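Shown next: start_22.cif, given as mmCIF, C-alpha atoms and all ligand atoms.
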```cif
data_target
loop_
_atom_site.group_PDB
_atom_site.id
_atom_site.type_symbol
_atom_site.label_atom_id
_atom_site.label_comp_id
_atom_site.auth_asym_id
_atom_site.auth_seq_id
_atom_site.Cartn_x
_atom_site.Cartn_y
_atom_site.Cartn_z
ATOM 1 C CA MET D 1 90.956 0.062 -108.419
ATOM 2 C CA THR D 2 91.050 3.630 -109.659
ATOM 3 C CA THR D 3 93.447 6.291 -108.485
ATOM 4 C CA LEU D 4 92.847 8.308 -105.304
ATOM 5 C CA VAL D 5 95.533 10.891 -104.527
ATOM 6 C CA ARG D 6 95.602 13.217 -101.522
ATOM 7 C CA ILE D 7 96.913 16.690 -102.339
ATOM 8 C CA GLU D 8 97.863 19.073 -99.535
ATOM 9 C CA PRO D 9 97.169 22.778 -100.117
ATOM 10 C CA ARG D 10 99.879 25.389 -100.266
ATOM 11 C CA SER D 11 99.511 28.955 -99.126
ATOM 12 C CA ALA D 12 99.652 31.789 -101.630
ATOM 13 C CA ASP D 13 99.571 35.521 -100.925
ATOM 14 C CA LEU D 14 97.456 37.548 -103.354
ATOM 15 C CA GLY D 15 98.925 40.720 -101.863
ATOM 16 C CA ASP D 16 97.963 42.935 -98.944
ATOM 17 C CA GLY D 17 97.802 39.916 -96.639
ATOM 18 C CA MET D 18 95.067 38.163 -98.642
ATOM 19 C CA LEU D 19 96.060 34.530 -98.089
ATOM 20 C CA VAL D 20 94.522 31.674 -100.050
ATOM 21 C CA ARG D 21 95.020 27.896 -100.087
ATOM 22 C CA ARG D 22 95.925 26.620 -103.551
ATOM 23 C CA THR D 23 95.438 22.997 -104.613
ATOM 24 C CA LEU D 24 95.608 23.305 -108.423
ATOM 25 C CA PRO D 25 98.001 23.227 -110.083
ATOM 26 C CA SER D 26 99.966 20.962 -107.764
ATOM 27 C CA ARG D 27 103.066 18.825 -108.125
ATOM 28 C CA GLN D 28 100.951 15.643 -108.117
ATOM 29 C CA GLN D 29 98.207 16.889 -110.427
ATOM 30 C CA ARG D 30 98.279 19.950 -112.662
ATOM 31 C CA MET D 31 94.669 19.852 -113.841
ATOM 32 C CA VAL D 32 91.297 18.127 -113.466
ATOM 33 C CA GLY D 33 89.838 18.132 -116.973
ATOM 34 C CA ALA D 34 90.239 21.753 -118.072
ATOM 35 C CA TRP D 35 90.123 23.017 -114.452
ATOM 36 C CA CYS D 36 93.682 24.274 -114.063
ATOM 37 C CA PHE D 37 93.662 26.547 -111.024
ATOM 38 C CA LEU D 38 91.891 26.355 -107.665
ATOM 39 C CA ASP D 39 92.272 28.903 -104.884
ATOM 40 C CA HIS D 40 90.202 28.742 -101.710
ATOM 41 C CA ALA D 41 89.886 32.223 -100.187
ATOM 42 C CA GLY D 42 88.673 32.529 -96.609
ATOM 43 C CA PRO D 43 86.475 32.361 -94.769
ATOM 44 C CA VAL D 44 88.191 35.500 -93.523
ATOM 45 C CA ASP D 45 86.831 38.375 -91.432
ATOM 46 C CA PHE D 46 88.617 41.499 -92.631
ATOM 47 C CA PRO D 47 89.358 44.133 -89.992
ATOM 48 C CA PRO D 48 87.813 47.593 -90.418
ATOM 49 C CA GLY D 49 89.220 49.366 -93.471
ATOM 50 C CA LYS D 50 90.543 46.151 -95.011
ATOM 51 C CA GLY D 51 89.201 43.933 -97.774
ATOM 52 C CA MET D 52 90.188 42.153 -100.952
ATOM 53 C CA HIS D 53 91.464 44.587 -103.568
ATOM 54 C CA VAL D 54 93.023 43.077 -106.668
ATOM 55 C CA GLY D 55 94.244 45.714 -109.130
ATOM 56 C CA ALA D 56 93.914 45.644 -112.913
ATOM 57 C CA HIS D 57 95.458 42.547 -114.448
ATOM 58 C CA PRO D 58 95.084 40.800 -117.799
ATOM 59 C CA HIS D 59 94.101 37.245 -118.669
ATOM 60 C CA ILE D 60 94.303 35.229 -121.888
ATOM 61 C CA GLY D 61 93.436 31.670 -122.880
ATOM 62 C CA LEU D 62 91.268 30.820 -119.868
ATOM 63 C CA GLN D 63 87.962 31.371 -118.118
ATOM 64 C CA THR D 64 87.959 32.664 -114.549
ATOM 65 C CA PHE D 65 85.248 31.036 -112.473
ATOM 66 C CA THR D 66 84.281 32.544 -109.115
ATOM 67 C CA TRP D 67 81.981 30.650 -106.728
ATOM 68 C CA LEU D 68 81.001 33.007 -103.950
ATOM 69 C CA ILE D 69 80.053 31.554 -100.583
ATOM 70 C CA GLU D 70 80.068 34.611 -98.290
ATOM 71 C CA GLY D 71 80.592 38.320 -98.905
ATOM 72 C CA GLU D 72 80.147 40.644 -101.867
ATOM 73 C CA VAL D 73 82.774 41.304 -104.534
ATOM 74 C CA LEU D 74 82.685 43.932 -107.278
ATOM 75 C CA HIS D 75 84.044 42.746 -110.637
ATOM 76 C CA ARG D 76 84.903 45.360 -113.261
ATOM 77 C CA ASP D 77 86.455 44.594 -116.651
ATOM 78 C CA SER D 78 87.748 46.124 -119.857
ATOM 79 C CA LEU D 79 84.524 45.213 -121.690
ATOM 80 C CA GLY D 80 82.742 47.724 -119.434
ATOM 81 C CA ASN D 81 81.067 45.219 -117.137
ATOM 82 C CA GLU D 82 80.516 46.154 -113.494
ATOM 83 C CA GLN D 83 78.965 43.308 -111.537
ATOM 84 C CA VAL D 84 78.595 42.585 -107.841
ATOM 85 C CA ILE D 85 78.728 38.870 -107.145
ATOM 86 C CA ARG D 86 76.763 37.615 -104.137
ATOM 87 C CA PRO D 87 76.643 34.296 -102.238
ATOM 88 C CA GLY D 88 75.299 31.400 -104.297
ATOM 89 C CA GLN D 89 76.353 32.989 -107.591
ATOM 90 C CA VAL D 90 79.031 32.234 -110.177
ATOM 91 C CA ASN D 91 80.929 34.856 -112.155
ATOM 92 C CA LEU D 92 82.331 33.388 -115.364
ATOM 93 C CA MET D 93 84.767 35.531 -117.316
ATOM 94 C CA THR D 94 86.040 34.220 -120.642
ATOM 95 C CA ALA D 95 89.396 35.822 -121.348
ATOM 96 C CA GLY D 96 89.968 34.302 -124.792
ATOM 97 C CA GLN D 97 92.194 36.687 -126.747
ATOM 98 C CA GLY D 98 92.423 39.083 -123.822
ATOM 99 C CA ILE D 99 90.585 40.906 -121.028
ATOM 100 C CA VAL D 100 91.545 43.005 -118.003
ATOM 101 C CA HIS D 101 89.673 43.064 -114.703
ATOM 102 C CA THR D 102 89.724 44.233 -111.098
ATOM 103 C CA GLU D 103 88.150 42.555 -108.068
ATOM 104 C CA ASP D 104 87.268 44.454 -104.908
ATOM 105 C CA SER D 105 85.364 43.751 -101.734
ATOM 106 C CA LEU D 106 82.178 45.802 -102.037
ATOM 107 C CA HIS D 107 82.543 46.841 -98.377
ATOM 108 C CA ASP D 108 85.711 46.698 -96.303
ATOM 109 C CA GLY D 109 85.668 45.119 -92.862
ATOM 110 C CA ARG D 110 83.364 42.254 -93.846
ATOM 111 C CA ARG D 111 83.595 38.515 -94.287
ATOM 112 C CA LEU D 112 84.733 36.838 -97.516
ATOM 113 C CA HIS D 113 84.607 33.189 -98.542
ATOM 114 C CA ALA D 114 85.057 32.098 -102.152
ATOM 115 C CA ALA D 115 86.521 29.536 -104.495
ATOM 116 C CA GLN D 116 88.369 31.025 -107.441
ATOM 117 C CA LEU D 117 89.030 28.693 -110.349
ATOM 118 C CA TRP D 118 90.437 28.861 -113.846
ATOM 119 C CA ILE D 119 89.346 26.756 -116.800
ATOM 120 C CA ALA D 120 91.885 26.337 -119.618
ATOM 121 C CA LEU D 121 90.395 26.966 -123.050
ATOM 122 C CA PRO D 122 91.122 24.285 -125.649
ATOM 123 C CA PRO D 123 93.290 25.450 -128.604
ATOM 124 C CA GLU D 124 90.268 26.044 -130.871
ATOM 125 C CA ALA D 125 88.771 28.474 -128.307
ATOM 126 C CA GLU D 126 91.851 30.057 -126.724
ATOM 127 C CA SER D 127 91.641 33.139 -128.956
ATOM 128 C CA CYS D 128 87.856 33.568 -128.805
ATOM 129 C CA PRO D 129 86.378 37.018 -128.092
ATOM 130 C CA PRO D 130 86.314 37.894 -124.371
ATOM 131 C CA ALA D 131 83.016 37.693 -122.493
ATOM 132 C CA PHE D 132 81.622 37.975 -118.986
ATOM 133 C CA ALA D 133 78.497 36.554 -117.329
ATOM 134 C CA ASN D 134 77.045 36.549 -113.816
ATOM 135 C CA HIS D 135 74.946 33.482 -112.956
ATOM 136 C CA PRO D 136 72.534 34.049 -110.047
ATOM 137 C CA ASP D 137 70.279 31.071 -110.873
ATOM 138 C CA LEU D 138 71.977 27.693 -110.782
ATOM 139 C CA PRO D 139 70.222 24.303 -110.667
ATOM 140 C CA GLN D 140 69.807 23.278 -107.032
ATOM 141 C CA TRP D 141 68.231 20.194 -105.469
ATOM 142 C CA GLN D 142 68.194 17.996 -102.382
ATOM 143 C CA GLN D 143 69.659 14.523 -102.401
ATOM 144 C CA GLU D 144 69.964 12.182 -99.432
ATOM 145 C CA GLY D 145 69.881 15.099 -96.982
ATOM 146 C CA ALA D 146 72.422 17.241 -98.819
ATOM 147 C CA ARG D 147 71.861 20.327 -100.957
ATOM 148 C CA LEU D 148 73.505 20.137 -104.371
ATOM 149 C CA THR D 149 74.164 23.115 -106.655
ATOM 150 C CA LEU D 150 75.284 22.526 -110.239
ATOM 151 C CA LEU D 151 77.913 25.137 -111.112
ATOM 152 C CA ALA D 152 79.128 23.825 -114.471
ATOM 153 C CA GLY D 153 78.320 21.033 -116.901
ATOM 154 C CA THR D 154 75.635 18.378 -116.762
ATOM 155 C CA HIS D 155 74.651 15.997 -113.977
ATOM 156 C CA GLU D 156 71.820 13.443 -114.050
ATOM 157 C CA GLY D 157 69.724 15.344 -116.586
ATOM 158 C CA ARG D 158 70.408 18.824 -115.194
ATOM 159 C CA THR D 159 72.569 21.363 -117.032
ATOM 160 C CA ALA D 160 74.231 24.455 -115.590
ATOM 161 C CA PRO D 161 73.876 27.740 -117.521
ATOM 162 C CA THR D 162 77.611 28.476 -117.350
ATOM 163 C CA ARG D 163 79.116 28.297 -120.861
ATOM 164 C CA VAL D 164 82.249 26.169 -120.967
ATOM 165 C CA HIS D 165 84.275 24.864 -123.903
ATOM 166 C CA SER D 166 85.161 21.310 -122.893
ATOM 167 C CA PRO D 167 83.357 18.502 -121.017
ATOM 168 C CA LEU D 168 83.372 19.646 -117.374
ATOM 169 C CA LEU D 169 81.546 19.282 -114.087
ATOM 170 C CA GLY D 170 81.369 21.686 -111.160
ATOM 171 C CA LEU D 171 79.114 20.649 -108.269
ATOM 172 C CA ASP D 172 78.743 22.119 -104.766
ATOM 173 C CA ILE D 173 77.533 19.743 -102.061
ATOM 174 C CA ASP D 174 76.424 21.189 -98.749
ATOM 175 C CA SER D 175 74.976 19.445 -95.723
ATOM 176 C CA ALA D 176 73.986 20.741 -92.284
ATOM 177 C CA ALA D 177 73.607 17.202 -90.899
ATOM 178 C CA PRO D 178 75.845 14.185 -91.460
ATOM 179 C CA ALA D 179 74.995 12.772 -94.900
ATOM 180 C CA SER D 180 76.038 9.922 -97.159
ATOM 181 C CA ILE D 181 75.346 10.520 -100.815
ATOM 182 C CA ASP D 182 75.872 8.416 -103.913
ATOM 183 C CA LEU D 183 76.800 10.351 -107.020
ATOM 184 C CA ALA D 184 76.730 9.077 -110.591
ATOM 185 C CA LEU D 185 80.073 9.742 -112.283
ATOM 186 C CA ASP D 186 81.200 9.667 -115.906
ATOM 187 C CA PRO D 187 83.932 7.024 -116.274
ATOM 188 C CA ALA D 188 85.568 9.148 -118.989
ATOM 189 C CA PHE D 189 86.065 11.986 -116.476
ATOM 190 C CA GLU D 190 88.741 12.488 -113.865
ATOM 191 C CA TYR D 191 87.523 14.211 -110.672
ATOM 192 C CA GLY D 192 88.767 16.374 -107.863
ATOM 193 C CA LEU D 193 87.044 16.936 -104.543
ATOM 194 C CA LEU D 194 87.831 19.847 -102.236
ATOM 195 C CA PRO D 195 86.161 20.218 -98.821
ATOM 196 C CA LEU D 196 85.654 23.971 -98.363
ATOM 197 C CA VAL D 197 84.199 23.506 -94.871
ATOM 198 C CA GLY D 198 84.046 20.411 -92.672
ATOM 199 C CA GLU D 199 85.211 16.975 -93.737
ATOM 200 C CA VAL D 200 84.327 14.291 -96.270
ATOM 201 C CA GLY D 201 84.988 10.563 -96.296
ATOM 202 C CA ILE D 202 85.722 8.546 -99.446
ATOM 203 C CA GLY D 203 85.848 4.879 -98.478
ATOM 204 C CA ASN D 204 88.246 4.670 -95.533
ATOM 205 C CA GLU D 205 89.965 7.969 -96.306
ATOM 206 C CA ARG D 206 89.005 11.199 -94.557
ATOM 207 C CA PHE D 207 89.593 14.559 -96.203
ATOM 208 C CA PRO D 208 89.411 17.632 -93.942
ATOM 209 C CA ALA D 209 88.937 21.154 -95.315
ATOM 210 C CA ASP D 210 91.503 22.106 -97.978
ATOM 211 C CA GLU D 211 92.866 18.586 -98.515
ATOM 212 C CA PHE D 212 92.123 17.839 -102.151
ATOM 213 C CA ALA D 213 91.175 14.351 -103.326
ATOM 214 C CA TYR D 214 92.106 13.521 -106.933
ATOM 215 C CA LEU D 215 90.168 10.636 -108.483
ATOM 216 C CA GLY D 216 91.404 9.172 -111.766
ATOM 217 C CA PRO D 217 89.070 8.176 -114.625
ATOM 218 C CA GLY D 218 87.156 4.896 -114.603
ATOM 219 C CA ARG D 219 84.611 5.421 -111.820
ATOM 220 C CA SER D 220 80.881 5.298 -112.526
ATOM 221 C CA SER D 221 79.823 6.232 -108.996
ATOM 222 C CA LEU D 222 81.158 7.811 -105.838
ATOM 223 C CA ARG D 223 79.906 7.571 -102.270
ATOM 224 C CA LEU D 224 80.661 10.589 -100.095
ATOM 225 C CA ASP D 225 80.267 10.677 -96.317
ATOM 226 C CA LEU D 226 79.881 14.282 -95.242
ATOM 227 C CA ALA D 227 80.390 15.370 -91.648
ATOM 228 C CA ALA D 228 77.765 17.744 -90.237
ATOM 229 C CA GLY D 229 78.152 21.270 -91.571
ATOM 230 C CA SER D 230 80.314 20.258 -94.524
ATOM 231 C CA LYS D 231 80.546 21.954 -97.887
ATOM 232 C CA VAL D 232 82.526 20.303 -100.668
ATOM 233 C CA LEU D 233 83.339 21.216 -104.252
ATOM 234 C CA LEU D 234 83.409 18.425 -106.838
ATOM 235 C CA LEU D 235 85.222 19.163 -110.100
ATOM 236 C CA GLY D 236 85.371 16.861 -113.086
ATOM 237 C CA GLY D 237 86.339 16.743 -116.731
ATOM 238 C CA VAL D 238 87.767 14.706 -119.551
ATOM 239 C CA PRO D 239 91.564 14.738 -119.098
ATOM 240 C CA PHE D 240 92.854 17.660 -121.140
ATOM 241 C CA ALA D 241 94.271 16.417 -124.436
ATOM 242 C CA GLN D 242 97.200 18.803 -124.758
ATOM 243 C CA PRO D 243 99.726 20.306 -122.364
ATOM 244 C CA VAL D 244 98.865 23.776 -121.104
ATOM 245 C CA VAL D 245 101.357 26.555 -120.454
ATOM 246 C CA MET D 246 100.498 28.615 -117.364
ATOM 247 C CA TRP D 247 102.395 31.743 -116.422
ATOM 248 C CA TRP D 248 101.226 34.574 -114.140
ATOM 249 C CA ASN D 249 97.622 35.303 -115.239
ATOM 250 C CA PHE D 250 98.040 33.736 -118.664
ATOM 251 C CA VAL D 251 97.141 30.307 -120.026
ATOM 252 C CA GLY D 252 97.949 29.151 -123.541
ATOM 253 C CA SER D 253 99.078 26.365 -125.793
ATOM 254 C CA THR D 254 102.475 27.999 -126.502
ATOM 255 C CA ARG D 255 105.113 29.935 -124.564
ATOM 256 C CA ALA D 256 105.428 32.333 -127.510
ATOM 257 C CA GLY D 257 101.765 33.320 -127.215
ATOM 258 C CA ILE D 258 102.129 33.992 -123.500
ATOM 259 C CA ALA D 259 105.375 35.941 -123.945
ATOM 260 C CA GLU D 260 103.664 38.129 -126.547
ATOM 261 C CA ALA D 261 100.729 38.810 -124.201
ATOM 262 C CA GLN D 262 103.087 39.752 -121.376
ATOM 263 C CA ARG D 263 105.014 42.193 -123.594
ATOM 264 C CA GLN D 264 101.757 43.736 -124.795
ATOM 265 C CA TRP D 265 100.505 44.190 -121.216
ATOM 266 C CA GLU D 266 103.821 45.726 -120.157
ATOM 267 C CA ASN D 267 103.781 48.067 -123.180
ATOM 268 C CA GLY D 268 100.181 49.209 -122.709
ATOM 269 C CA ASP D 269 99.075 47.627 -126.011
ATOM 270 C CA ALA D 270 95.430 48.172 -127.030
ATOM 271 C CA ARG D 271 94.865 44.395 -126.766
ATOM 272 C CA PHE D 272 94.403 45.030 -123.039
ATOM 273 C CA GLY D 273 92.055 47.968 -122.544
ATOM 274 C CA PRO D 274 91.412 50.032 -119.417
ATOM 275 C CA VAL D 275 89.017 49.071 -116.633
ATOM 276 C CA GLY D 276 86.632 51.967 -115.974
ATOM 277 C CA ASP D 277 88.538 55.251 -115.909
ATOM 278 C CA GLY D 278 91.849 53.411 -115.710
ATOM 279 C CA SER D 279 92.585 54.658 -112.189
ATOM 280 C CA ALA D 280 92.964 51.196 -110.596
ATOM 281 C CA PRO D 281 96.566 50.168 -109.968
ATOM 282 C CA ARG D 282 97.977 47.914 -112.708
ATOM 283 C CA LEU D 283 99.592 44.671 -111.552
ATOM 284 C CA SER D 284 103.020 43.813 -112.990
ATOM 285 C CA PRO D 285 104.142 40.301 -113.886
ATOM 286 C CA PRO D 286 107.499 38.893 -112.843
ATOM 287 C CA PRO D 287 110.055 38.524 -115.670
ATOM 288 C CA LEU D 288 109.310 35.656 -118.069
ATOM 289 C CA PRO D 289 110.862 32.426 -116.757
ATOM 290 C CA TRP D 290 112.016 31.147 -120.164
ATOM 291 C CA ARG D 291 115.061 32.003 -122.259
ATOM 292 C CA ASP D 292 114.637 33.220 -125.844
ATOM 293 C CA TYR D 293 111.372 35.124 -125.406
HETATM 294 MN MN MN J 301 91.902 37.636 -112.394
#
```
Kindly return the structure encoded in the file as structure tokens.
Amino acid sequence: MTTLVRIEPRSADLGDGMLVRRTLPSRQQRMVGAWCFLDHAGPVDFPPGKGMHVGAHPHIGLQTFTWLIEGEVLHRDSLGNEQVIRPGQVNLMTAGQGIVHTEDSLHDGRRLHAAQLWIALPPEAESCPPAFANHPDLPQWQQEGARLTLLAGTHEGRTAPTRVHSPLLGLDIDSAAPASIDLALDPAFEYGLLPLVGEVGIGNERFPADEFAYLGPGRSSLRLDLAAGSKVLLLGGVPFAQPVVMWWNFVGSTRAGIAEAQRQWENGDARFGPVGDGSAPRLSPPPLPWRDY
């Protein structure tokens, strides 16, 4: 019998009243493969004049992975990219040695619904050059009454265009009617399942929206029972080989590397360039939580 762990979400405030439910990292499970961060934002209907506005902030050592369900968000970064992400698309930003970005609702007073994830880069890629890509065309197919969209990795002969650096899976499963689907799994992978809308059953266990199901390695298949109108996110990956340090918007293999990045951001070092004309507010990290850095 393989592991099945239920993980309750916790609330996090991204500022300005933008509340999200966070299920990775959690006390029970820090990562699923290289997936190391999972925020579920919305669905929220912003009042007139309000929206999501995240000021300029740096990242290192990770990829940010945005799966947009409803709304329109403008991404701008220090490489000069300006990209509106729309429903059904993934934005994949590879921070590597360092990047700065802002994220803003394209129009205030509208609806927003998204999953925001981070992927830890393995040590051999953590200092790679930064990059950004928008992916409007993802493999999509019908299976047993559900609509599946492959966001990352490979599944049953299909491969997503998103470029990742370790064996991973990201799969969106959406069904208007009740559906039971059988998925082929890789026994070498661990998996995590997050209902974004509705409810999913795994065996005798029911998982409502925002209750995360962690599945340990060793499964070659998984049967999911989706309630009508459900939308679930399936993540998978080979358990990450080495511990990952996460602090503020930084991921790395060492505390020293993260402390250096934080000092450079605070000192305006050229490692972290401006976004656009540099007029967006710059976010400040809390003091480093470790002695001796
Ligand atoms: Mn970010």
Nearest residue to Val275 (chain D) out of D:Gly80, D:Pro25, D:Pro48, D:Pro9, using only C-alpha atoms?
D:Gly80
Using only C-alpha atoms and all ligand atoms, find the one residue out of D:Leu283, D:Leu183, D:Leu150, D:Ala160 that sits nearest to ligand MN 301 (chain J).
D:Leu283
Counting only C-alpha atoms and all ligand atoms, what residues are within 7 Å of ligand MN 301 (chain J), given as a list in words?
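Using only C-alpha atoms and all ligand atoms, everything at most 7 Å from ligand MN 301 (chain J) comes to His57, His59, Thr64, His101 and Asn249 of chain D.
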Output of the above residues as a compact mmCIF listing (two decimals), keeping the file's coordinate frame, restricted to C-alpha atoms:
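Result file part.txt:
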```txt
# COMPACT_ATOMS: atom_id res chain seq x y z
CA HIS D 57 95.46 42.55 -114.45
CA HIS D 59 94.10 37.24 -118.67
CA THR D 64 87.96 32.66 -114.55
CA HIS D 101 89.67 43.06 -114.70
CA ASN D 249 97.62 35.30 -115.24
```
Applying 6 Å and all atoms listed in the file, which residues near Gly98 (chain D) remain after dropping the ones on its own chain fewer than 2 positions away? List them as number ranges by chain.
D: 59-60, 95-96
Output the selection as a short mmCIF file (atom, residue, chain, number, x, y, z; two decimals), in the coordinates of the input - C-alpha atoms for each residue.
```cif
data_model
loop_
_atom_site.label_atom_id
_atom_site.label_comp_id
_atom_site.auth_asym_id
_atom_site.auth_seq_id
_atom_site.Cartn_x
_atom_site.Cartn_y
_atom_site.Cartn_z
CA HIS D 59 94.10 37.24 -118.67
CA ILE D 60 94.30 35.23 -121.89
CA ALA D 95 89.40 35.82 -121.35
CA GLY D 96 89.97 34.30 -124.79
#
```
Surrounding residues of region 235-245 of chain D excluding itself and chain neighbours under 2 positions, 8 Å, only C-alpha atoms, as an mmCIF file with C-alpha atoms, in the coordinates of the input:
```cif
data_model
loop_
_atom_site.group_PDB
_atom_site.id
_atom_site.type_symbol
_atom_site.label_atom_id
_atom_site.label_comp_id
_atom_site.auth_asym_id
_atom_site.auth_seq_id
_atom_site.Cartn_x
_atom_site.Cartn_y
_atom_site.Cartn_z
ATOM 1 C CA MET D 31 94.669 19.852 -113.841
ATOM 2 C CA VAL D 32 91.297 18.127 -113.466
ATOM 3 C CA GLY D 33 89.838 18.132 -116.973
ATOM 4 C CA ALA D 34 90.239 21.753 -118.072
ATOM 5 C CA TRP D 35 90.123 23.017 -114.452
ATOM 6 C CA ALA D 120 91.885 26.337 -119.618
ATOM 7 C CA SER D 166 85.161 21.310 -122.893
ATOM 8 C CA PRO D 167 83.357 18.502 -121.017
ATOM 9 C CA LEU D 168 83.372 19.646 -117.374
ATOM 10 C CA LEU D 169 81.546 19.282 -114.087
ATOM 11 C CA GLY D 170 81.369 21.686 -111.160
ATOM 12 C CA LEU D 171 79.114 20.649 -108.269
ATOM 13 C CA ALA D 188 85.568 9.148 -118.989
ATOM 14 C CA PHE D 189 86.065 11.986 -116.476
ATOM 15 C CA GLU D 190 88.741 12.488 -113.865
ATOM 16 C CA TYR D 191 87.523 14.211 -110.672
ATOM 17 C CA GLY D 192 88.767 16.374 -107.863
ATOM 18 C CA LEU D 193 87.044 16.936 -104.543
ATOM 19 C CA LEU D 233 83.339 21.216 -104.252
ATOM 20 C CA TRP D 247 102.395 31.743 -116.422
ATOM 21 C CA VAL D 251 97.141 30.307 -120.026
ATOM 22 C CA GLY D 252 97.949 29.151 -123.541
ATOM 23 C CA SER D 253 99.078 26.365 -125.793
ATOM 24 C CA THR D 254 102.475 27.999 -126.502
ATOM 25 C CA ARG D 255 105.113 29.935 -124.564
#
```
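Of the listed residues D:Pro87, D:Gly229, D:Pro195, D:Gly15, the one whose atoms come nearest to Ala209 (chain D) is D:Pro195, with distances taken using all atoms listed in the file.
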I'd like to know which of D:Glu156, D:Asp225, D:Glu211, D:Asp108 is closest to Ser175 (chain D), using only C-alpha atoms.
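Ranking D:Glu156, D:Asp225, D:Glu211, D:Asp108 by distance to Ser175 (chain D), first place goes to D:Asp225.
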Atomic separation - CA of Leu92 (chain D) relative to CA of Gly42 (chain D), Å:
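About the pair CA of Gly42 (chain D) and CA of Leu92 (chain D): they are 19.8 Å apart.
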Point (77.1, 12.2, -99.9) neighbourhood (7 Å, all atoms listed in the file) written as a ChimeraX atom specification
/D:146,179-182,223-226
Could you list the residues chosen by the PyMOL selection byres (((chain D and resi 47) around 9) and not hetatm) in this structure as a ChimeraX atom specification?
/D:45-46,48-51,108-110
Might you pull out every residue within 10 Å of Gln28 (chain D), with all atoms listed in the file counted and same-chain residues fewer than 5 positions away left off, and present them as a list of chain:residue names?
D:Val5, D:Arg6, D:Ile7, D:Glu8, D:Thr23, D:Tyr214
Please provide the set of residues having any atom within 12 Å of Pro289 (chain D), restricted to all atoms listed in the file, with same-chain residues fewer than 4 positions apart removed, written as an NGL selection string.
:D and (245-248 or 255 or 258-259 or 262 or 285 or 293)
